[in-house]
file final_13.cif (mmCIF, C-alpha atoms and all ligand atoms)
data_model
loop_
_atom_site.group_PDB
_atom_site.id
_atom_site.type_symbol
_atom_site.label_atom_id
_atom_site.label_comp_id
_atom_site.auth_asym_id
_atom_site.auth_seq_id
_atom_site.Cartn_x
_atom_site.Cartn_y
_atom_site.Cartn_z
ATOM 1 C CA MET A 1167 107.362 94.930 115.887
ATOM 2 C CA ARG A 1168 106.363 91.754 114.073
ATOM 3 C CA ALA A 1169 109.022 89.792 115.990
ATOM 4 C CA ALA A 1170 107.570 91.140 119.216
ATOM 5 C CA TRP A 1171 104.108 89.997 118.189
ATOM 6 C CA ALA A 1172 105.373 86.572 117.260
ATOM 7 C CA ALA A 1173 107.178 86.200 120.579
ATOM 8 C CA LEU A 1174 104.092 87.356 122.405
ATOM 9 C CA ALA A 1175 101.925 84.927 120.536
ATOM 10 C CA LEU A 1176 104.151 82.102 121.684
ATOM 11 C CA CYS A 1177 103.473 83.164 125.267
ATOM 12 C CA LEU A 1178 99.756 83.839 124.850
ATOM 13 C CA ALA A 1179 98.452 81.190 122.538
ATOM 14 C CA SER A 1180 97.848 77.636 123.608
ATOM 15 C CA PRO A 1181 100.391 75.236 122.000
ATOM 16 C CA GLY A 1182 97.755 73.974 119.589
ATOM 17 C CA ALA A 1183 96.921 77.490 118.513
ATOM 18 C CA LEU A 1184 100.149 77.776 116.571
ATOM 19 C CA ARG A 1185 99.645 74.655 114.478
ATOM 20 C CA ALA A 1186 97.751 76.639 111.865
ATOM 21 C CA GLN A 1187 99.543 78.842 109.398
ATOM 22 C CA GLU A 1188 98.445 82.139 110.908
ATOM 23 C CA GLU A 1189 99.143 85.421 109.196
ATOM 24 C CA VAL A 1190 98.860 87.221 112.511
ATOM 25 C CA PRO A 1191 99.256 85.900 116.061
ATOM 26 C CA PHE A 1192 96.432 85.800 118.578
ATOM 27 C CA VAL A 1193 96.543 88.973 120.686
ATOM 28 C CA VAL A 1194 93.313 90.168 122.265
ATOM 29 C CA THR A 1195 91.797 93.608 121.854
ATOM 30 C CA PRO A 1196 91.121 94.830 125.431
ATOM 31 C CA ASP A 1197 87.420 95.129 126.351
ATOM 32 C CA ASN A 1198 87.317 98.936 126.455
ATOM 33 C CA VAL A 1199 89.027 99.101 123.050
ATOM 34 C CA THR A 1200 86.559 96.550 121.614
ATOM 35 C CA LEU A 1201 83.728 98.818 122.761
ATOM 36 C CA ALA A 1202 85.421 101.883 121.256
ATOM 37 C CA MET A 1203 85.854 100.065 117.902
ATOM 38 C CA LEU A 1204 82.134 99.268 117.724
ATOM 39 C CA GLN A 1205 81.190 102.790 118.793
ATOM 40 C CA LEU A 1206 83.512 104.275 116.173
ATOM 41 C CA ALA A 1207 81.687 102.227 113.515
ATOM 42 C CA GLN A 1208 78.326 103.260 115.029
ATOM 43 C CA VAL A 1209 77.197 99.632 115.069
ATOM 44 C CA GLY A 1210 73.442 99.177 115.445
ATOM 45 C CA THR A 1211 70.748 96.521 115.265
ATOM 46 C CA GLN A 1212 70.712 96.574 111.453
ATOM 47 C CA ASP A 1213 74.403 95.771 111.151
ATOM 48 C CA PHE A 1214 76.231 92.595 110.254
ATOM 49 C CA VAL A 1215 79.686 92.724 111.812
ATOM 50 C CA LEU A 1216 82.443 90.576 110.317
ATOM 51 C CA ASP A 1217 85.607 90.243 112.411
ATOM 52 C CA LEU A 1218 88.519 89.025 110.305
ATOM 53 C CA GLY A 1219 90.739 86.929 112.551
ATOM 54 C CA SER A 1220 88.265 86.821 115.417
ATOM 55 C CA GLY A 1221 90.426 85.285 118.168
ATOM 56 C CA ASP A 1222 88.234 84.469 121.173
ATOM 57 C CA GLY A 1223 85.186 86.080 119.523
ATOM 58 C CA ARG A 1224 84.974 89.142 121.741
ATOM 59 C CA ILE A 1225 84.257 91.740 119.022
ATOM 60 C CA VAL A 1226 81.338 89.903 117.396
ATOM 61 C CA ILE A 1227 79.979 88.836 120.793
ATOM 62 C CA LEU A 1228 79.984 92.411 122.120
ATOM 63 C CA ALA A 1229 78.400 93.674 118.882
ATOM 64 C CA ALA A 1230 75.526 91.227 119.431
ATOM 65 C CA ARG A 1231 75.236 91.600 123.203
ATOM 66 C CA ARG A 1232 75.569 95.367 123.544
ATOM 67 C CA PHE A 1233 74.376 96.682 120.161
ATOM 68 C CA GLY A 1234 71.905 93.997 119.018
ATOM 69 C CA ALA A 1235 73.837 93.421 115.792
ATOM 70 C CA ARG A 1236 74.376 90.125 114.014
ATOM 71 C CA GLY A 1237 77.807 89.003 113.015
ATOM 72 C CA MET A 1238 80.376 86.402 112.195
ATOM 73 C CA GLY A 1239 83.932 85.830 113.285
ATOM 74 C CA VAL A 1240 86.363 84.206 110.882
ATOM 75 C CA GLU A 1241 89.255 82.480 112.582
ATOM 76 C CA ILE A 1242 91.865 80.049 111.322
ATOM 77 C CA VAL A 1243 92.733 78.419 114.658
ATOM 78 C CA PRO A 1244 90.157 75.712 115.505
ATOM 79 C CA GLU A 1245 90.643 75.988 119.276
ATOM 80 C CA LEU A 1246 89.811 79.690 119.112
ATOM 81 C CA VAL A 1247 86.689 79.011 117.054
ATOM 82 C CA ASP A 1248 85.512 76.514 119.708
ATOM 83 C CA ARG A 1249 86.291 78.993 122.463
ATOM 84 C CA SER A 1250 84.381 81.755 120.639
ATOM 85 C CA ARG A 1251 81.307 79.537 120.258
ATOM 86 C CA ARG A 1252 81.398 78.721 123.972
ATOM 87 C CA ASN A 1253 81.813 82.415 124.816
ATOM 88 C CA ALA A 1254 78.871 83.350 122.563
ATOM 89 C CA ALA A 1255 76.675 80.697 124.207
ATOM 90 C CA LYS A 1256 77.692 81.931 127.670
ATOM 91 C CA ALA A 1257 76.796 85.489 126.647
ATOM 92 C CA GLY A 1258 73.407 84.272 125.326
ATOM 93 C CA VAL A 1259 74.074 85.467 121.761
ATOM 94 C CA ALA A 1260 74.967 82.220 119.961
ATOM 95 C CA GLU A 1261 72.126 82.826 117.467
ATOM 96 C CA ARG A 1262 73.434 86.194 116.387
ATOM 97 C CA ALA A 1263 77.196 85.706 116.814
ATOM 98 C CA ARG A 1264 78.498 82.870 114.665
ATOM 99 C CA PHE A 1265 82.050 81.668 114.235
ATOM 100 C CA VAL A 1266 83.648 79.794 111.376
ATOM 101 C CA GLU A 1267 87.030 78.178 110.982
ATOM 102 C CA GLN A 1268 88.172 79.765 107.773
ATOM 103 C CA ASP A 1269 91.007 81.666 106.136
ATOM 104 C CA LEU A 1270 90.103 85.342 106.133
ATOM 105 C CA PHE A 1271 91.503 85.663 102.612
ATOM 106 C CA LYS A 1272 88.944 83.133 101.386
ATOM 107 C CA THR A 1273 86.005 84.835 103.078
ATOM 108 C CA ASP A 1274 83.103 86.515 101.286
ATOM 109 C CA LEU A 1275 83.307 90.029 102.718
ATOM 110 C CA SER A 1276 80.174 91.269 100.961
ATOM 111 C CA VAL A 1277 77.855 90.032 103.741
ATOM 112 C CA ALA A 1278 79.208 92.691 106.110
ATOM 113 C CA THR A 1279 78.005 96.194 106.805
ATOM 114 C CA VAL A 1280 80.871 96.573 109.292
ATOM 115 C CA ILE A 1281 84.266 94.867 109.125
ATOM 116 C CA THR A 1282 86.591 94.822 112.111
ATOM 117 C CA MET A 1283 90.253 93.845 112.013
ATOM 118 C CA TYR A 1284 93.173 93.551 114.403
ATOM 119 C CA LEU A 1285 95.739 92.230 111.988
ATOM 120 C CA LEU A 1286 98.937 93.808 110.657
ATOM 121 C CA GLN A 1287 99.451 96.586 108.146
ATOM 122 C CA GLU A 1288 100.759 94.189 105.493
ATOM 123 C CA VAL A 1289 97.631 92.038 105.887
ATOM 124 C CA ASN A 1290 95.405 95.135 105.728
ATOM 125 C CA LEU A 1291 97.173 96.120 102.509
ATOM 126 C CA GLN A 1292 96.581 92.676 101.010
ATOM 127 C CA LEU A 1293 92.890 92.981 101.888
ATOM 128 C CA ARG A 1294 92.601 96.555 100.616
ATOM 129 C CA PRO A 1295 91.489 95.834 97.016
ATOM 130 C CA ALA A 1296 88.725 93.536 98.267
ATOM 131 C CA LEU A 1297 87.667 96.106 100.878
ATOM 132 C CA LEU A 1298 87.545 98.922 98.320
ATOM 133 C CA ALA A 1299 85.307 96.768 96.113
ATOM 134 C CA LEU A 1300 82.658 96.444 98.845
ATOM 135 C CA LYS A 1301 79.304 98.185 98.806
ATOM 136 C CA PRO A 1302 79.774 101.949 99.284
ATOM 137 C CA GLY A 1303 79.031 102.860 102.872
ATOM 138 C CA THR A 1304 80.487 99.662 104.364
ATOM 139 C CA ARG A 1305 82.424 100.685 107.486
ATOM 140 C CA ILE A 1306 85.814 99.226 108.328
ATOM 141 C CA VAL A 1307 87.526 99.613 111.681
ATOM 142 C CA SER A 1308 91.106 98.539 112.232
ATOM 143 C CA HIS A 1309 92.833 98.316 115.583
ATOM 144 C CA ASP A 1310 96.289 99.923 115.426
ATOM 145 C CA TRP A 1311 97.123 99.276 111.768
ATOM 146 C CA ASP A 1312 96.286 101.562 108.874
ATOM 147 C CA MET A 1313 95.971 100.964 105.133
ATOM 148 C CA GLY A 1314 98.829 102.993 103.692
ATOM 149 C CA ASP A 1315 97.728 105.782 101.382
ATOM 150 C CA TRP A 1316 94.037 104.920 101.793
ATOM 151 C CA ARG A 1317 93.718 107.393 104.644
ATOM 152 C CA PRO A 1318 91.073 106.719 107.315
ATOM 153 C CA ASP A 1319 87.959 108.893 107.497
ATOM 154 C CA ARG A 1320 88.568 109.113 111.234
ATOM 155 C CA SER A 1321 91.221 107.988 113.711
ATOM 156 C CA ILE A 1322 91.062 108.065 117.479
ATOM 157 C CA THR A 1323 93.426 107.068 120.283
ATOM 158 C CA VAL A 1324 92.088 105.103 123.230
ATOM 159 C CA ASP A 1325 93.765 104.376 126.582
ATOM 160 C CA ALA A 1326 94.430 100.650 126.748
ATOM 161 C CA PRO A 1327 95.859 99.797 130.184
ATOM 162 C CA ASP A 1328 95.101 96.075 129.634
ATOM 163 C CA LYS A 1329 96.769 95.872 126.237
ATOM 164 C CA PRO A 1330 99.073 92.853 126.134
ATOM 165 C CA VAL A 1331 101.466 94.407 123.589
ATOM 166 C CA GLY A 1332 103.321 97.713 123.377
ATOM 167 C CA ARG A 1333 104.756 99.880 126.135
ATOM 168 C CA GLU A 1334 102.592 102.967 125.753
ATOM 169 C CA LYS A 1335 99.268 101.218 126.561
ATOM 170 C CA LEU A 1336 97.390 103.122 123.899
ATOM 171 C CA SER A 1337 95.374 101.818 120.947
ATOM 172 C CA ARG A 1338 94.925 103.684 117.713
ATOM 173 C CA LEU A 1339 91.613 102.993 115.964
ATOM 174 C CA HIS A 1340 90.953 103.839 112.327
ATOM 175 C CA LEU A 1341 87.604 104.073 110.528
ATOM 176 C CA TRP A 1342 87.116 103.956 106.759
ATOM 177 C CA VAL A 1343 83.794 104.241 104.940
ATOM 178 C CA VAL A 1344 84.025 102.485 101.573
ATOM 179 C CA PRO A 1345 83.614 105.218 98.954
ATOM 180 C CA ALA A 1346 81.455 104.909 95.846
ATOM 181 C CA ARG A 1347 83.434 104.293 92.677
ATOM 182 C CA ALA A 1348 82.599 107.558 90.971
ATOM 183 C CA ALA A 1349 85.602 108.244 88.703
ATOM 184 C CA GLY A 1350 84.905 108.671 85.003
ATOM 185 C CA THR A 1351 82.652 110.720 82.782
ATOM 186 C CA TRP A 1352 79.005 111.260 83.550
ATOM 187 C CA CYS A 1353 76.544 112.666 80.983
ATOM 188 C CA GLY A 1354 73.346 114.489 81.877
ATOM 189 C CA SER A 1355 70.255 112.394 81.144
ATOM 190 C CA THR A 1356 67.296 113.622 79.103
ATOM 191 C CA ALA A 1357 66.501 116.669 81.306
ATOM 192 C CA ASN A 1358 70.111 117.997 81.001
ATOM 193 C CA PRO A 1359 71.599 116.346 77.933
ATOM 194 C CA GLY A 1360 74.424 118.929 77.549
ATOM 195 C CA ALA A 1361 75.791 118.588 81.068
ATOM 196 C CA ARG A 1362 79.024 116.638 81.600
ATOM 197 C CA LEU A 1363 80.758 115.749 84.851
ATOM 198 C CA ARG A 1364 84.342 114.488 84.505
ATOM 199 C CA LEU A 1365 85.518 113.076 87.773
ATOM 200 C CA THR A 1366 88.838 111.785 89.117
ATOM 201 C CA GLN A 1367 89.028 110.049 92.467
ATOM 202 C CA ALA A 1368 91.695 109.036 94.967
ATOM 203 C CA TYR A 1369 89.842 106.902 97.505
ATOM 204 C CA GLN A 1370 87.424 109.316 99.302
ATOM 205 C CA VAL A 1371 88.718 112.484 97.623
ATOM 206 C CA PHE A 1372 87.500 113.719 94.245
ATOM 207 C CA ASP A 1373 88.128 116.479 91.717
ATOM 208 C CA ALA A 1374 85.634 117.150 88.973
ATOM 209 C CA THR A 1375 84.895 119.448 86.074
ATOM 210 C CA LEU A 1376 81.229 120.170 85.575
ATOM 211 C CA SER A 1377 80.452 121.603 82.165
ATOM 212 C CA VAL A 1378 77.067 122.851 81.082
ATOM 213 C CA GLY A 1379 77.017 124.351 77.575
ATOM 214 C CA SER A 1380 80.066 126.603 77.267
ATOM 215 C CA SER A 1381 80.588 127.120 81.016
ATOM 216 C CA ALA A 1382 82.773 124.881 83.114
ATOM 217 C CA GLN A 1383 83.196 124.706 86.833
ATOM 218 C CA LEU A 1384 85.778 122.959 88.988
ATOM 219 C CA LEU A 1385 84.515 120.994 91.941
ATOM 220 C CA ALA A 1386 86.518 119.263 94.665
ATOM 221 C CA GLY A 1387 85.396 117.392 97.715
ATOM 222 C CA ARG A 1388 84.966 114.098 99.478
ATOM 223 C CA ILE A 1389 83.039 110.918 98.910
ATOM 224 C CA ASP A 1390 81.208 109.705 101.978
ATOM 225 C CA GLY A 1391 79.914 106.241 101.100
ATOM 226 C CA ALA A 1392 77.487 106.782 98.220
ATOM 227 C CA ARG A 1393 77.455 110.608 98.565
ATOM 228 C CA LEU A 1394 79.716 113.163 96.896
ATOM 229 C CA ARG A 1395 80.075 116.478 98.711
ATOM 230 C CA SER A 1396 82.017 119.381 97.251
ATOM 231 C CA VAL A 1397 83.489 122.261 99.209
ATOM 232 C CA GLY A 1398 81.076 124.614 97.421
ATOM 233 C CA GLY A 1399 77.976 122.766 98.609
ATOM 234 C CA PHE A 1400 77.388 120.586 95.526
ATOM 235 C CA GLU A 1401 76.118 117.167 96.589
ATOM 236 C CA ALA A 1402 75.250 114.062 94.594
ATOM 237 C CA ALA A 1403 74.227 110.496 95.273
ATOM 238 C CA VAL A 1404 75.900 107.708 93.275
ATOM 239 C CA ASP A 1405 73.985 104.515 92.708
ATOM 240 C CA GLY A 1406 75.942 102.212 90.400
ATOM 241 C CA ALA A 1407 75.667 103.705 86.920
ATOM 242 C CA ARG A 1408 73.542 106.722 87.977
ATOM 243 C CA LEU A 1409 74.479 109.944 89.712
ATOM 244 C CA ARG A 1410 71.801 112.332 90.980
ATOM 245 C CA VAL A 1411 72.458 115.895 92.114
ATOM 246 C CA THR A 1412 70.803 116.406 95.494
ATOM 247 C CA GLN A 1413 72.213 119.911 96.248
ATOM 248 C CA SER A 1414 73.469 122.148 93.465
ATOM 249 C CA GLY A 1415 75.572 124.426 95.753
ATOM 250 C CA ASP A 1416 77.855 126.545 93.541
ATOM 251 C CA ALA A 1417 76.736 124.657 90.415
ATOM 252 C CA PRO A 1418 73.844 126.027 88.289
ATOM 253 C CA ALA A 1419 70.599 125.735 90.255
ATOM 254 C CA ALA A 1420 68.999 124.074 87.226
ATOM 255 C CA LEU A 1421 71.100 121.000 88.012
ATOM 256 C CA GLN A 1422 69.257 120.431 91.295
ATOM 257 C CA GLY A 1423 67.737 116.962 90.980
ATOM 258 C CA ALA A 1424 69.524 116.358 87.654
ATOM 259 C CA GLU A 1425 70.486 112.796 86.806
ATOM 260 C CA PHE A 1426 73.674 111.681 85.084
ATOM 261 C CA GLU A 1427 74.635 108.365 83.551
ATOM 262 C CA ARG A 1428 78.058 106.967 82.872
ATOM 263 C CA CYS A 1429 79.202 107.684 79.350
ATOM 264 C CA ALA A 1430 82.333 107.489 77.226
ATOM 265 C CA GLY A 1431 84.984 110.230 77.091
HETATM 266 C C1 LIG B 1501 95.566 89.981 116.775
HETATM 267 S S1 LIG B 1501 94.422 88.660 116.844
HETATM 268 C C2 LIG B 1501 92.893 89.543 116.963
HETATM 269 C C3 LIG B 1501 91.789 88.756 117.634
HETATM 270 C C4 LIG B 1501 90.459 89.526 117.781
HETATM 271 N N1 LIG B 1501 89.996 90.037 116.515
HETATM 272 C C5 LIG B 1501 90.618 90.670 118.730
HETATM 273 O O1 LIG B 1501 90.707 91.818 118.247
HETATM 274 O O2 LIG B 1501 90.654 90.422 119.943
HETATM 275 C C6 LIG B 1501 94.431 88.083 115.148
HETATM 276 C C7 LIG B 1501 93.710 86.788 114.941
HETATM 277 O O3 LIG B 1501 93.717 86.490 113.542
HETATM 278 C C8 LIG B 1501 93.814 85.079 113.391
HETATM 279 N N2 LIG B 1501 94.319 84.836 112.024
HETATM 280 C C9 LIG B 1501 95.563 84.985 111.562
HETATM 281 N N3 LIG B 1501 95.653 84.665 110.246
HETATM 282 C C10 LIG B 1501 94.390 84.321 109.862
HETATM 283 C C11 LIG B 1501 93.828 83.925 108.630
HETATM 284 N N4 LIG B 1501 94.571 83.817 107.519
HETATM 285 N N5 LIG B 1501 92.505 83.659 108.580
HETATM 286 C C12 LIG B 1501 91.732 83.757 109.714
HETATM 287 N N6 LIG B 1501 92.233 84.116 110.916
HETATM 288 C C13 LIG B 1501 93.543 84.423 110.999
HETATM 289 C C14 LIG B 1501 94.773 84.672 114.476
HETATM 290 O O4 LIG B 1501 94.676 83.310 114.780
HETATM 291 C C15 LIG B 1501 94.329 85.589 115.613
HETATM 292 O O5 LIG B 1501 93.374 84.963 116.430
#
call {"tool": "encode", "arguments": {"input": "final_13.cif", "output": "structure tokens"}}
result
Amino acid sequence: MRAAWAALALCLASPGALRAQEEVPFVVTPDNVTLAMLQLAQVGTQDFVLDLGSGDGRIVILAARRFGARGMGVEIVPELVDRSRRNAAKAGVAERARFVEQDLFKTDLSVATVITMYLLQEVNLQLRPALLALKPGTRIVSHDWDMGDWRPDRSITVDAPDKPVGREKLSRLHLWVVPARAAGTWCGSTANPGARLRLTQAYQVFDATLSVGSSAQLLAGRIDGARLRSVGGFEAAVDGARLRVTQSGDAPAALQGAEFERCAG
């Protein structure tokens, strides 16, 4: 597959485009797939979209033009950066769609509320630790390539008749929402000093033991950005070192509204 991409890049890219040490060749995301990526991330006017390896700028430009978002494309090939700036000016969104010549691995990702990528799985995997460290709730959409055992929150398949690679003319799009880092032990604050929540986490999936006095309860569920939701209806919001129960569900009703802080053990 990689050989095919490399061969294709030789055909598609201008001769100068291959001077840089690219991790991934320039292959465009077709227009309808670009739109589907932004829709999958539910991009809106409040968003800052960062496209890692932005090619001719189409993703950030459409995010600004169609959804009123702001954004930045990071691209290592200077000719593509120039082309993106011209395209943004032509589309009348040069103020909101900026492009920088930069290595995506040296880019501050924390400015983004949405990150888009059309790279390769091995590049996604290299980026994964930095992506997982982003603010909970940051959305990431990848065209075609996944992130190994960090399973997407949602995947869809889109017809892609104009796709320049692959025989099946389909694009697979994956969405991840960065989960809060909730693993560890949480102790009830002054209102519930005896309550303990011991939580283990694998990406967006958690298991927990909630103990209050001598009773203990097992909880399991998913982490959706900054919110924990158990199968039994328990819900909590995580904000850094605090966790607040917003729905007690199967847990004792007295825990409704209870606050927990990180603690040892
Ligand atoms: C498959 S293309 C995707 C272009 C665009 N995002 C799209 O979806 O149409 C990947 C792009 O990443 C760029 N790229 C590769 N390695 C890079 C790096 N280390 N830093 C920044 N850009 C890079 C390539 O030059 C290429 O334009």
call {"tool": "closest_residue", "arguments": {"input": "final_13.cif", "among": "A:Ser1380, A:Thr1351, A:Gln1212, A:Gln1287", "to": "ligand LIG 1501 (chain B)", "atoms": "all atoms listed in the file"}}
result
A:Gln1287
call {"tool": "atom_distance", "arguments": {"input": "final_13.cif", "atom1": "atom N2 of ligand LIG 1501 (chain B)", "atom2": "CA of Arg1333 in chain A"}}
result
23.1 Å
call {"tool": "resolve_selection", "arguments": {"input": "final_13.cif", "expression": "the PyMOL selection byres (((not hetatm)) within 7 of (chain B and resi 1501))", "output": "ChimeraX atom specification"}}
result
/A:1188-1195,1217-1225,1240-1243,1246,1268-1271,1283-1285
call {"tool": "resolve_selection", "arguments": {"input": "final_13.cif", "expression": "the PyMOL selection byres (((chain A and resi 1325) around 7) and not hetatm)", "output": "compact mmCIF listing (two decimals) with C-alpha atoms, in the coordinates of the input"}}
result
# COMPACT_ATOMS: atom_id res chain seq x y z
CA THR A 1323 93.43 107.07 120.28
CA VAL A 1324 92.09 105.10 123.23
CA ALA A 1326 94.43 100.65 126.75
CA PRO A 1327 95.86 99.80 130.18
CA LYS A 1335 99.27 101.22 126.56
CA LEU A 1336 97.39 103.12 123.90
CA SER A 1337 95.37 101.82 120.95
call {"tool": "residues_around", "arguments": {"input": "final_13.cif", "residues": "range 1313-1318 of chain A", "least_positions_apart": "4", "cutoff": "6 Å", "atoms": "all atoms listed in the file", "output": "ChimeraX atom specification"}}
result
/A:1290-1291,1340-1342
call {"tool": "write_last_selection", "arguments": {"input": "final_13.cif", "atoms": "C-alpha atoms", "output": "short mmCIF file (atom, residue, chain, number, x, y, z; two decimals), in the coordinates of the input"}}
result
data_model
loop_
_atom_site.label_atom_id
_atom_site.label_comp_id
_atom_site.auth_asym_id
_atom_site.auth_seq_id
_atom_site.Cartn_x
_atom_site.Cartn_y
_atom_site.Cartn_z
CA ASN A 1290 95.40 95.14 105.73
CA LEU A 1291 97.17 96.12 102.51
CA HIS A 1340 90.95 103.84 112.33
CA LEU A 1341 87.60 104.07 110.53
CA TRP A 1342 87.12 103.96 106.76
#
call {"tool": "resolve_selection", "arguments": {"input": "final_13.cif", "expression": "the PyMOL selection byres (((chain A and resi 1415-1425) around 6) and not hetatm)", "output": "ChimeraX atom specification"}}
result
/A:1354-1355,1398-1400,1409-1414,1426
call {"tool": "residues_around", "arguments": {"input": "final_13.cif", "residues": "Ala1348 in chain A", "least_positions_apart": "5", "cutoff": "9 Å", "atoms": "all atoms listed in the file", "output": "number ranges by chain"}}
result
A: 1365-1367, 1372, 1389, 1392, 1394, 1404, 1406-1407, 1409
call {"tool": "atom_distance", "arguments": {"input": "final_13.cif", "atom1": "CA of Cys1429 in chain A", "atom2": "CA of Asn1358 in chain A"}}
result
13.8 Å
call {"tool": "closest_residue", "arguments": {"input": "final_13.cif", "among": "A:Leu1275, A:Ala1263, A:Leu1297, A:Ala1382", "to": "Pro1345 in chain A", "atoms": "all atoms listed in the file"}}
result
A:Leu1297
call {"tool": "residues_near_point", "arguments": {"input": "final_13.cif", "point": "(78.0, 116.6, 80.2)", "cutoff": "8 Å", "atoms": "only C-alpha atoms", "output": "number ranges by chain"}}
result
A: 1351-1354, 1359-1364, 1376-1378
